[in-house]
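**Q** Please find target-v1.pdb (PDB, C-alpha atoms) on the next line:
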ATOM      1  CA  MET A   1       0.000   0.000   0.000
ATOM      2  CA  ASP A   2       1.122   3.539  -0.721
ATOM      3  CA  TYR A   3       0.222   6.458   1.535
ATOM      4  CA  LYS A   4      -0.290  10.204   1.134
ATOM      5  CA  LYS A   5      -0.868  13.242   3.323
ATOM      6  CA  TYR A   6      -4.472  13.832   4.382
ATOM      7  CA  ILE A   7      -5.118  16.563   6.967
ATOM      8  CA  PRO A   8      -2.967  18.075   9.732
ATOM      9  CA  GLY A   9      -2.950  15.815  12.776
ATOM     10  CA  SER A  10      -4.061  12.673  10.980
ATOM     11  CA  PRO A  11      -1.887   9.728   9.987
ATOM     12  CA  SER A  12      -0.955   9.259   6.355
ATOM     13  CA  VAL A  13      -3.882   7.979   4.323
ATOM     14  CA  SER A  14      -3.844   4.854   2.168
ATOM     15  CA  VAL A  15      -4.172   5.800  -1.499
ATOM     16  CA  ILE A  16      -7.005   3.297  -1.748
ATOM     17  CA  GLY A  17      -9.621   3.756   0.934
ATOM     18  CA  MET A  18     -12.834   1.894   1.625
ATOM     19  CA  GLY A  19     -16.226   3.275   0.737
ATOM     20  CA  THR A  20     -18.598   1.554   3.153
ATOM     21  CA  TRP A  21     -22.179   2.125   2.014
ATOM     22  CA  GLN A  22     -22.320  -1.567   1.056
ATOM     23  CA  LEU A  23     -21.776  -2.553   4.708
ATOM     24  CA  GLY A  24     -25.285  -1.429   5.591
ATOM     25  CA  ALA A  25     -28.054  -4.001   5.838
ATOM     26  CA  ALA A  26     -30.213  -1.894   3.501
ATOM     27  CA  ALA A  27     -27.655  -1.487   0.722
ATOM     28  CA  ASP A  28     -28.965  -1.238  -2.852
ATOM     29  CA  TRP A  29     -27.139  -4.372  -3.874
ATOM     30  CA  LYS A  30     -27.039  -7.804  -2.205
ATOM     31  CA  PRO A  31     -26.836  -6.980   1.508
ATOM     32  CA  LEU A  32     -23.996  -8.251   3.652
ATOM     33  CA  SER A  33     -24.575  -9.900   6.989
ATOM     34  CA  GLU A  34     -23.016  -8.151   9.961
ATOM     35  CA  LYS A  35     -20.473 -10.970  10.252
ATOM     36  CA  ASP A  36     -19.445 -10.636   6.596
ATOM     37  CA  ALA A  37     -19.324  -6.840   6.820
ATOM     38  CA  ILE A  38     -16.998  -6.935   9.822
ATOM     39  CA  HIS A  39     -14.837  -9.596   8.165
ATOM     40  CA  MET A  40     -14.474  -7.414   5.066
ATOM     41  CA  VAL A  41     -13.258  -4.465   7.145
ATOM     42  CA  GLU A  42     -10.773  -6.724   8.928
ATOM     43  CA  GLU A  43      -9.445  -7.933   5.572
ATOM     44  CA  VAL A  44      -9.113  -4.344   4.371
ATOM     45  CA  LEU A  45      -7.090  -3.457   7.471
ATOM     46  CA  ASN A  46      -4.799  -6.424   6.822
ATOM     47  CA  GLU A  47      -4.144  -5.031   3.338
ATOM     48  CA  GLY A  48      -2.957  -1.723   4.792
ATOM     49  CA  VAL A  49      -6.076   0.378   4.174
ATOM     50  CA  THR A  50      -6.344   3.209   6.710
ATOM     51  CA  PHE A  51      -9.180   5.347   5.278
ATOM     52  CA  PHE A  52     -12.888   4.611   5.729
ATOM     53  CA  ASP A  53     -15.689   6.684   4.222
ATOM     54  CA  THR A  54     -19.218   6.366   5.587
ATOM     55  CA  ALA A  55     -22.405   8.350   6.283
ATOM     56  CA  PRO A  56     -25.404   8.160   8.642
ATOM     57  CA  ASN A  57     -27.827   7.198   5.855
ATOM     58  CA  TYR A  58     -25.776   4.227   4.594
ATOM     59  CA  GLY A  59     -27.965   1.299   5.604
ATOM     60  CA  GLN A  60     -29.906   3.582   7.987
ATOM     61  CA  GLY A  61     -26.929   3.820  10.321
ATOM     62  CA  ALA A  62     -25.858   0.184   9.932
ATOM     63  CA  SER A  63     -22.733   1.065   7.936
ATOM     64  CA  GLU A  64     -21.398   3.281  10.736
ATOM     65  CA  GLU A  65     -22.418   0.757  13.405
ATOM     66  CA  ARG A  66     -20.739  -2.186  11.695
ATOM     67  CA  LEU A  67     -17.647  -0.175  10.868
ATOM     68  CA  GLY A  68     -17.437   0.905  14.508
ATOM     69  CA  LYS A  69     -17.638  -2.712  15.679
ATOM     70  CA  ALA A  70     -15.030  -3.839  13.159
ATOM     71  CA  LEU A  71     -12.596  -1.115  14.240
ATOM     72  CA  SER A  72     -13.276  -1.347  17.972
ATOM     73  CA  HIS A  73     -10.096  -3.347  18.639
ATOM     74  CA  THR A  74      -7.921  -1.316  16.268
ATOM     75  CA  ASP A  75      -5.579   1.472  17.329
ATOM     76  CA  ARG A  76      -7.769   4.509  16.608
ATOM     77  CA  SER A  77      -4.745   6.691  15.890
ATOM     78  CA  LYS A  78      -3.869   4.476  12.909
ATOM     79  CA  VAL A  79      -7.144   4.849  10.971
ATOM     80  CA  ILE A  80      -8.956   7.778   9.405
ATOM     81  CA  LEU A  81     -12.739   8.040   9.682
ATOM     82  CA  ASN A  82     -14.674  10.267   7.318
ATOM     83  CA  THR A  83     -18.436  10.641   7.627
ATOM     84  CA  LYS A  84     -21.048  13.149   6.496
ATOM     85  CA  PHE A  85     -24.174  15.012   7.492
ATOM     86  CA  GLY A  86     -27.313  16.182   5.750
ATOM     87  CA  HIS A  87     -28.687  12.774   4.731
ATOM     88  CA  THR A  88     -30.107  11.350   7.926
ATOM     89  CA  VAL A  89     -30.383   7.892   9.451
ATOM     90  CA  ASP A  90     -34.121   7.822   8.782
ATOM     91  CA  GLY A  91     -33.694   8.647   5.114
ATOM     92  CA  ASN A  92     -34.519  12.347   5.179
ATOM     93  CA  ILE A  93     -32.448  15.233   3.842
ATOM     94  CA  ASP A  94     -31.895  17.942   6.439
ATOM     95  CA  PHE A  95     -29.050  20.459   6.360
ATOM     96  CA  ASP A  96     -30.448  22.649   9.144
ATOM     97  CA  PRO A  97     -27.382  23.977  11.041
ATOM     98  CA  GLY A  98     -29.189  23.141  14.281
ATOM     99  CA  LYS A  99     -28.976  19.449  13.347
ATOM    100  CA  ILE A 100     -25.238  19.282  12.663
ATOM    101  CA  ARG A 101     -24.137  18.624  16.239
ATOM    102  CA  ARG A 102     -26.795  15.936  16.725
ATOM    103  CA  SER A 103     -25.760  14.248  13.481
ATOM    104  CA  ILE A 104     -22.078  14.239  14.402
ATOM    105  CA  GLU A 105     -22.738  12.973  17.918
ATOM    106  CA  GLY A 106     -24.860  10.164  16.456
ATOM    107  CA  SER A 107     -22.001   9.215  14.137
ATOM    108  CA  LEU A 108     -19.527   9.279  17.038
ATOM    109  CA  ARG A 109     -21.754   6.924  18.989
ATOM    110  CA  ARG A 110     -22.287   4.481  16.128
ATOM    111  CA  LEU A 111     -18.605   4.509  15.179
ATOM    112  CA  GLN A 112     -17.551   4.017  18.828
ATOM    113  CA  THR A 113     -15.062   6.874  18.763
ATOM    114  CA  ASP A 114     -14.648  10.229  20.465
ATOM    115  CA  TYR A 115     -13.527  12.170  17.379
ATOM    116  CA  LEU A 116     -13.942  12.148  13.621
ATOM    117  CA  ASP A 117     -11.051  12.903  11.306
ATOM    118  CA  SER A 118     -13.347  14.638   8.839
ATOM    119  CA  VAL A 119     -17.041  15.407   8.355
ATOM    120  CA  LEU A 120     -18.506  16.483   5.030
ATOM    121  CA  PHE A 121     -21.603  18.225   3.747
ATOM    122  CA  HIS A 122     -23.255  15.284   1.945
ATOM    123  CA  ASN A 123     -23.967  16.636  -1.559
ATOM    124  CA  PRO A 124     -25.702  19.749  -0.198
ATOM    125  CA  PRO A 125     -27.685  22.426  -2.042
ATOM    126  CA  ALA A 126     -25.293  24.716  -3.906
ATOM    127  CA  GLU A 127     -25.891  27.699  -1.610
ATOM    128  CA  LEU A 128     -24.505  25.797   1.395
ATOM    129  CA  LEU A 129     -21.152  25.362  -0.355
ATOM    130  CA  ASN A 130     -20.705  29.125  -0.240
ATOM    131  CA  GLY A 131     -19.348  30.016   3.180
ATOM    132  CA  ASN A 132     -20.520  33.602   2.785
ATOM    133  CA  ARG A 133     -24.130  32.482   2.387
ATOM    134  CA  ALA A 134     -24.183  29.859   5.150
ATOM    135  CA  PRO A 135     -22.135  31.355   8.002
ATOM    136  CA  GLU A 136     -24.033  29.480  10.745
ATOM    137  CA  HIS A 137     -22.996  26.110   9.337
ATOM    138  CA  TYR A 138     -19.322  26.984   9.168
ATOM    139  CA  GLU A 139     -19.221  28.725  12.530
ATOM    140  CA  LEU A 140     -20.614  25.589  14.152
ATOM    141  CA  LEU A 141     -18.147  23.345  12.323
ATOM    142  CA  GLU A 142     -15.280  25.534  13.537
ATOM    143  CA  LYS A 143     -16.658  25.242  17.063
ATOM    144  CA  LEU A 144     -16.794  21.441  16.791
ATOM    145  CA  LYS A 145     -13.178  21.488  15.633
ATOM    146  CA  ALA A 146     -12.213  23.562  18.662
ATOM    147  CA  GLU A 147     -14.023  21.069  20.912
ATOM    148  CA  GLY A 148     -12.043  18.192  19.395
ATOM    149  CA  LYS A 149     -15.080  16.338  18.069
ATOM    150  CA  ILE A 150     -13.859  16.723  14.472
ATOM    151  CA  ARG A 151     -10.430  17.418  13.045
ATOM    152  CA  ALA A 152     -11.567  18.814   9.713
ATOM    153  CA  TYR A 153     -14.660  19.483   7.642
ATOM    154  CA  GLY A 154     -15.396  19.612   3.964
ATOM    155  CA  ALA A 155     -17.939  18.771   1.290
ATOM    156  CA  SER A 156     -18.890  16.023  -1.101
ATOM    157  CA  VAL A 157     -19.373  17.575  -4.556
ATOM    158  CA  ASP A 158     -20.094  16.522  -8.116
ATOM    159  CA  THR A 159     -18.975  19.434 -10.311
ATOM    160  CA  TYR A 160     -16.145  21.871 -10.828
ATOM    161  CA  GLU A 161     -18.425  24.817 -10.056
ATOM    162  CA  GLU A 162     -19.414  23.356  -6.686
ATOM    163  CA  MET A 163     -15.827  22.579  -5.777
ATOM    164  CA  LYS A 164     -14.578  25.999  -6.875
ATOM    165  CA  VAL A 165     -17.120  27.886  -4.750
ATOM    166  CA  PHE A 166     -16.301  25.770  -1.712
ATOM    167  CA  LEU A 167     -12.548  26.313  -2.108
ATOM    168  CA  ASP A 168     -12.992  30.055  -2.638
ATOM    169  CA  THR A 169     -15.307  30.805   0.288
ATOM    170  CA  THR A 170     -14.571  28.401   3.159
ATOM    171  CA  ASN A 171     -11.757  27.082   5.322
ATOM    172  CA  GLY A 172     -12.717  23.501   4.524
ATOM    173  CA  GLN A 173      -9.797  21.094   4.378
ATOM    174  CA  VAL A 174     -11.369  18.144   2.537
ATOM    175  CA  VAL A 175     -13.294  17.728  -0.713
ATOM    176  CA  GLU A 176     -14.823  14.443  -1.821
ATOM    177  CA  ALA A 177     -15.076  14.875  -5.585
ATOM    178  CA  PHE A 178     -16.861  12.886  -8.283
ATOM    179  CA  PHE A 179     -13.889  11.974 -10.473
ATOM    180  CA  ASN A 180     -13.117   9.147 -12.876
ATOM    181  CA  ILE A 181     -12.072   8.547 -16.490
ATOM    182  CA  LEU A 182     -15.564   9.425 -17.769
ATOM    183  CA  HIS A 183     -16.168  12.328 -15.339
ATOM    184  CA  GLN A 184     -13.115  14.589 -15.058
ATOM    185  CA  ASP A 185     -14.876  17.926 -14.525
ATOM    186  CA  THR A 186     -13.883  18.353 -10.868
ATOM    187  CA  GLY A 187     -10.260  17.788 -11.854
ATOM    188  CA  ARG A 188     -10.143  21.390 -13.078
ATOM    189  CA  ALA A 189     -10.119  22.486  -9.413
ATOM    190  CA  PHE A 190      -7.513  19.992  -8.202
ATOM    191  CA  GLU A 191      -4.569  22.343  -8.674
ATOM    192  CA  GLN A 192      -6.267  24.956  -6.486
ATOM    193  CA  ALA A 193      -7.092  22.339  -3.843
ATOM    194  CA  GLU A 194      -3.486  21.189  -3.748
ATOM    195  CA  ALA A 195      -2.222  24.771  -3.490
ATOM    196  CA  GLN A 196      -4.562  25.401  -0.536
ATOM    197  CA  GLY A 197      -3.616  22.164   1.220
ATOM    198  CA  VAL A 198      -7.108  20.700   0.770
ATOM    199  CA  ALA A 199      -7.244  16.913   0.629
ATOM    200  CA  VAL A 200      -9.153  15.388  -2.280
ATOM    201  CA  ILE A 201     -11.045  12.101  -1.986
ATOM    202  CA  ALA A 202     -11.932  10.660  -5.407
ATOM    203  CA  LYS A 203     -15.444   9.181  -5.202
ATOM    204  CA  ILE A 204     -17.253   6.961  -7.717
ATOM    205  CA  PRO A 205     -13.914   6.071  -9.388
ATOM    206  CA  LEU A 206     -15.486   3.112 -11.231
ATOM    207  CA  ASP A 207     -18.409   5.219 -12.481
ATOM    208  CA  SER A 208     -21.071   3.237 -10.607
ATOM    209  CA  GLY A 209     -19.684  -0.016 -12.014
ATOM    210  CA  TRP A 210     -19.254   0.954 -15.675
ATOM    211  CA  LEU A 211     -15.467   1.146 -15.368
ATOM    212  CA  SER A 212     -15.372  -2.260 -13.708
ATOM    213  CA  GLY A 213     -16.101  -3.748 -17.143
ATOM    214  CA  LYS A 214     -19.168  -5.686 -16.027
ATOM    215  CA  TYR A 215     -21.801  -3.648 -17.920
ATOM    216  CA  GLY A 216     -22.569  -3.367 -21.620
ATOM    217  CA  SER A 217     -25.229  -2.134 -24.032
ATOM    218  CA  GLN A 218     -27.590  -4.972 -23.094
ATOM    219  CA  SER A 219     -27.306  -4.476 -19.338
ATOM    220  CA  THR A 220     -30.441  -3.796 -17.293
ATOM    221  CA  PHE A 221     -30.589  -2.076 -13.925
ATOM    222  CA  ARG A 222     -32.705  -1.862 -10.806
ATOM    223  CA  GLY A 223     -32.736   0.495  -7.855
ATOM    224  CA  VAL A 224     -30.789   3.737  -8.070
ATOM    225  CA  ARG A 225     -29.107   2.615 -11.308
ATOM    226  CA  SER A 226     -32.431   2.435 -13.109
ATOM    227  CA  ARG A 227     -31.943   6.203 -13.628
ATOM    228  CA  TRP A 228     -30.168   5.433 -16.925
ATOM    229  CA  SER A 229     -32.295   5.388 -20.077
ATOM    230  CA  GLN A 230     -31.579   2.867 -22.833
ATOM    231  CA  ALA A 231     -29.872   5.660 -24.761
ATOM    232  CA  ASP A 232     -27.699   6.426 -21.726
ATOM    233  CA  ILE A 233     -26.776   2.753 -21.416
ATOM    234  CA  GLU A 234     -25.796   2.426 -25.066
ATOM    235  CA  LYS A 235     -23.802   5.661 -24.942
ATOM    236  CA  ARG A 236     -21.891   4.587 -21.834
ATOM    237  CA  ALA A 237     -21.222   1.125 -23.249
ATOM    238  CA  ALA A 238     -19.672   2.653 -26.365
ATOM    239  CA  LEU A 239     -17.487   4.957 -24.276
ATOM    240  CA  VAL A 240     -16.280   2.088 -22.117
ATOM    241  CA  GLU A 241     -15.341   0.132 -25.243
ATOM    242  CA  ALA A 242     -13.366   3.145 -26.452
ATOM    243  CA  VAL A 243     -11.539   3.383 -23.117
ATOM    244  CA  GLU A 244     -10.641  -0.303 -23.324
ATOM    245  CA  GLU A 245      -9.188   0.252 -26.792
ATOM    246  CA  ILE A 246      -7.032   3.080 -25.454
ATOM    247  CA  LEU A 247      -5.807   0.855 -22.622
ATOM    248  CA  ALA A 248      -5.128  -2.264 -24.711
ATOM    249  CA  PRO A 249      -3.245  -4.479 -24.342
ATOM    250  CA  GLY A 250      -1.441  -3.859 -21.094
ATOM    251  CA  PHE A 251      -4.083  -2.822 -18.552
ATOM    252  CA  ARG A 252      -7.322  -4.252 -17.205
ATOM    253  CA  LEU A 253     -10.130  -1.699 -17.045
ATOM    254  CA  PRO A 254     -10.998  -1.609 -13.308
ATOM    255  CA  GLN A 255      -7.379  -1.444 -12.176
ATOM    256  CA  ALA A 256      -6.565   1.212 -14.769
ATOM    257  CA  ALA A 257      -9.607   3.264 -13.707
ATOM    258  CA  LEU A 258      -8.394   3.393 -10.113
ATOM    259  CA  ALA A 259      -4.787   3.981 -11.154
ATOM    260  CA  PHE A 260      -5.945   6.935 -13.274
ATOM    261  CA  CYS A 261      -7.430   8.602 -10.190
ATOM    262  CA  MET A 262      -4.450   7.810  -7.981
ATOM    263  CA  ALA A 263      -2.028   9.268 -10.521
ATOM    264  CA  ASN A 264      -3.252  12.794  -9.805
ATOM    265  CA  ASP A 265      -1.005  14.381  -7.183
ATOM    266  CA  ALA A 266      -3.927  16.269  -5.629
ATOM    267  CA  VAL A 267      -5.845  13.065  -4.846
ATOM    268  CA  SER A 268      -5.126  11.752  -1.357
ATOM    269  CA  THR A 269      -7.257   8.613  -1.582
ATOM    270  CA  VAL A 270      -9.681   6.826  -3.901
ATOM    271  CA  ILE A 271     -12.796   5.101  -2.508
ATOM    272  CA  PRO A 272     -14.170   2.308  -4.682
ATOM    273  CA  GLY A 273     -17.085   0.361  -3.283
ATOM    274  CA  SER A 274     -16.460  -3.343  -2.734
ATOM    275  CA  GLY A 275     -19.489  -5.623  -2.483
ATOM    276  CA  SER A 276     -17.339  -8.701  -1.892
ATOM    277  CA  LEU A 277     -13.832  -9.697  -0.905
ATOM    278  CA  ALA A 278     -13.163 -10.632  -4.537
ATOM    279  CA  GLN A 279     -14.007  -7.083  -5.639
ATOM    280  CA  LEU A 280     -11.914  -5.696  -2.819
ATOM    281  CA  ARG A 281      -8.861  -7.683  -3.898
ATOM    282  CA  SER A 282      -9.428  -6.690  -7.518
ATOM    283  CA  ASN A 283      -9.450  -3.033  -6.493
ATOM    284  CA  LEU A 284      -6.224  -3.425  -4.562
ATOM    285  CA  ARG A 285      -4.497  -4.821  -7.655
ATOM    286  CA  SER A 286      -4.583  -1.315  -9.113
ATOM    287  CA  LEU A 287      -1.556  -0.663  -6.916
ATOM    288  CA  ASP A 288       0.498  -3.139  -8.919
ATOM    289  CA  LYS A 289       0.903  -1.116 -12.109
ATOM    290  CA  ALA A 290       1.000   2.657 -12.476
ATOM    291  CA  LEU A 291      -0.322   4.220 -15.668
ATOM    292  CA  PRO A 292       2.413   5.817 -17.803
ATOM    293  CA  HIS A 293       2.121   9.544 -18.369
ATOM    294  CA  ASP A 294       1.380   9.221 -22.085
ATOM    295  CA  LEU A 295      -1.557   6.906 -21.377
ATOM    296  CA  ILE A 296      -2.950   9.288 -18.753
ATOM    297  CA  ARG A 297      -2.720  12.075 -21.310
ATOM    298  CA  LYS A 298      -4.581   9.990 -23.894
ATOM    299  CA  LEU A 299      -7.395   9.401 -21.386
ATOM    300  CA  GLN A 300      -7.547  13.096 -20.578
ATOM    301  CA  LEU A 301      -7.760  14.015 -24.266
ATOM    302  CA  PHE A 302     -10.398  11.333 -24.824
ATOM    303  CA  TYR A 303     -12.511  12.912 -22.091
ATOM    304  CA  GLN A 304     -12.059  16.434 -23.453
ATOM    305  CA  GLU A 305     -12.762  15.531 -27.081
ATOM    306  CA  GLU A 306     -15.231  12.635 -26.883
ATOM    307  CA  VAL A 307     -16.884  12.518 -23.455
ATOM    308  CA  GLN A 308     -17.242  16.073 -22.180
ATOM    309  CA  PRO A 309     -19.315  17.291 -25.181
ATOM    310  CA  LEU A 310     -21.890  14.576 -24.437
ATOM    311  CA  GLY A 311     -22.880  15.978 -21.028
ATOM    312  CA  LEU A 312     -22.950  12.437 -19.673
ATOM    313  CA  PRO A 313     -25.457  12.177 -16.791
ATOM    314  CA  TRP A 314     -24.470  10.697 -13.469
TER     315      TRP A 314
END
Would you mind writing the structure in this file as structure tokens?
**A**
Amino acid sequence: MDYKKYIPGSPSVSVIGMGTWQLGAAADWKPLSEKDAIHMVEEVLNEGVTFFDTAPNYGQGASEERLGKALSHTDRSKVILNTKFGHTVDGNIDFDPGKIRRSIEGSLRRLQTDYLDSVLFHNPPAELLNGNRAPEHYELLEKLKAEGKIRAYGASVDTYEEMKVFLDTTNGQVVEAFFNILHQDTGRAFEQAEAQGVAVIAKIPLDSGWLSGKYGSQSTFRGVRSRWSQADIEKRAALVEAVEEILAPGFRLPQAALAFCMANDAVSTVIPGSGSLAQLRSNLRSLDKALPHDLIRKLQLFYQEEVQPLGLPW
């Protein structure tokens, strides 16, 4: 495992972290038992992973609870816990500043810890990313930092515009950005983040499974992934085939997708979801082979020339 700087006061972060929404009993894919969820976290720790990303609404609190149990016998100073607020345990969306402390204290309880390394606005309305328009939120977060309940705060964002506003108007130290081969928009703000000492977490690095290579033009979807129309599916399938042609013959798609994210100096850690130990081990194999600079450049040009003009939906 390789490690990078995260935030002041935290240990170095593993370049591959663990997204944990699949640990919850109410996950959108095949649910894990508590025993299997805890075993997966233990296996991740054995592989040198130190970063865990969660949220209160993942499995209606079950993700945080199971992660807390799995880490209860681990040296807390060796792991980094990142959670969020705004999407609640009971499935509601509530960014009221009066609810922030309650949300964080609930996460502390479920995770069995007395501090959180970082807490993020969970894909909030755009106006809350502007520190000048939401002073109450940021004043409270600064107070929670002073109390030692959190070490840093930030935001989970999907676009360059969102990330830019947050970097320009707040003292946030972490951004969780939607970034992968097919969605490179947020990457335009990475240089600024690095200059300001803001850690970047690359989320959805496998593009909701498309960059794992398991979907094609005939794929069908249920749950949250049913948002794609047949036209969307065919368009994405064609783009994935084009990416595979660029990569051929030396790289497998899922490992290359993660390596592409990790190659950016501004990215501290990448958080692929792993629904099974097999997927977890596949993700970790991305550490074995770095992408050469010329291949990274080809993927960047492919995005700029072929993907970006399409306005590909999430």
**Q** Excluding range 180-193 of chain A and residues on its chain fewer than 2 positions from it, collect all residues at most 7 Å away from it, counting all atoms listed in the file, and give them as a list in words.
**A** Thr159, Tyr160, Met163, Lys164, Leu167, Ala177, Phe178, Ala195, Gln196, Gly197, Val198, Ile204, Pro205, Leu206, Asp207, Ala257, Cys261, Ala266, Leu299, Tyr303 and Val307 of chain A
**Q** Please dump the current selection as a PDB file, keeping the file's coordinate frame; keep C-alpha atoms.
**A**
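Once everything was written out, this is result_2.pdb:
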ATOM      1  CA  THR A 159     -18.975  19.434 -10.311  1.00  0.00           C
ATOM      2  CA  TYR A 160     -16.145  21.871 -10.828  1.00  0.00           C
ATOM      3  CA  MET A 163     -15.827  22.579  -5.777  1.00  0.00           C
ATOM      4  CA  LYS A 164     -14.578  25.999  -6.875  1.00  0.00           C
ATOM      5  CA  LEU A 167     -12.548  26.313  -2.108  1.00  0.00           C
ATOM      6  CA  ALA A 177     -15.076  14.875  -5.585  1.00  0.00           C
ATOM      7  CA  PHE A 178     -16.861  12.886  -8.283  1.00  0.00           C
ATOM      8  CA  ALA A 195      -2.222  24.771  -3.490  1.00  0.00           C
ATOM      9  CA  GLN A 196      -4.562  25.401  -0.536  1.00  0.00           C
ATOM     10  CA  GLY A 197      -3.616  22.164   1.220  1.00  0.00           C
ATOM     11  CA  VAL A 198      -7.108  20.700   0.770  1.00  0.00           C
ATOM     12  CA  ILE A 204     -17.253   6.961  -7.717  1.00  0.00           C
ATOM     13  CA  PRO A 205     -13.914   6.071  -9.388  1.00  0.00           C
ATOM     14  CA  LEU A 206     -15.486   3.112 -11.231  1.00  0.00           C
ATOM     15  CA  ASP A 207     -18.409   5.219 -12.481  1.00  0.00           C
ATOM     16  CA  ALA A 257      -9.607   3.264 -13.707  1.00  0.00           C
ATOM     17  CA  CYS A 261      -7.430   8.602 -10.190  1.00  0.00           C
ATOM     18  CA  ALA A 266      -3.927  16.269  -5.629  1.00  0.00           C
ATOM     19  CA  LEU A 299      -7.395   9.401 -21.386  1.00  0.00           C
ATOM     20  CA  TYR A 303     -12.511  12.912 -22.091  1.00  0.00           C
ATOM     21  CA  VAL A 307     -16.884  12.518 -23.455  1.00  0.00           C
TER      22      VAL A 307
END
**Q** Neighbours of Leu284 in chain A within 12 Å (only C-alpha atoms; same-chain residues fewer than 3 positions away dropped), as a PyMOL selection string?
**A** chain A and resi 1-2+14-18+43-44+46-49+254-259+262+270-274+277-281+287-289
**Q** What is the CA of Pro56 in chain A-CA of Leu32 in chain A distance in Å, reported with one decimal?
**A**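 That distance, rounded to one decimal, is 17.2 Å.
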**Q** I'd like the interatomic distance between CA of Gly9 in chain A and CA of Ala290 in chain A, to a tenth of an Å.
**A** 28.7 Å
**Q** Pick out the residues sitting within 8 Å of Leu141 in chain A, and hand them over as a count of residues only; count all atoms listed in the file, and ignore anything fewer than 4 positions along from it in its own chain.
**A** 3
**Q** Have a look at A:Ser282, A:Glu234, A:Ser107, A:Gly275 and name the one nearest to Ser33 in chain A; count all atoms listed in the file.
**A**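 Of A:Ser282, A:Glu234, A:Ser107, A:Gly275, the one nearest Ser33 in chain A is A:Gly275, counting all atoms listed in the file.
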**Q** Separation of CA of Leu45 in chain A and CA of Leu23 in chain A, in Å?
**A**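 CA of Leu23 in chain A lies at a distance of 15.0 Å from CA of Leu45 in chain A.
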**Q** Kindly provide, as a PyMOL selection string, the polymer residues lying within 12 Å of (-2.1, 13.1, 3.9), counting only C-alpha atoms and using the coordinates exactly as they appear in the file.
**A** chain A and resi 2-15+50-51+79-80+117+173-174+194+197-201+265-269
**Q** So which residues get picked by the PyMOL selection byres ((chain A and resi 139) around 12) here, written as a PyMOL selection string?
**A** chain A and resi 97-98+100-101+131-138+140-146+153+170-172
**Q** Taking 2 positions as the minimum chain separation for residues in the same chain, which residues sit within 12 Å of range 241-245 of chain A when counting all atoms listed in the file? Answer as a PyMOL selection string.
**A** chain A and resi 180-182+210-217+234-239+247-257+260+295-296+298-303+306-307
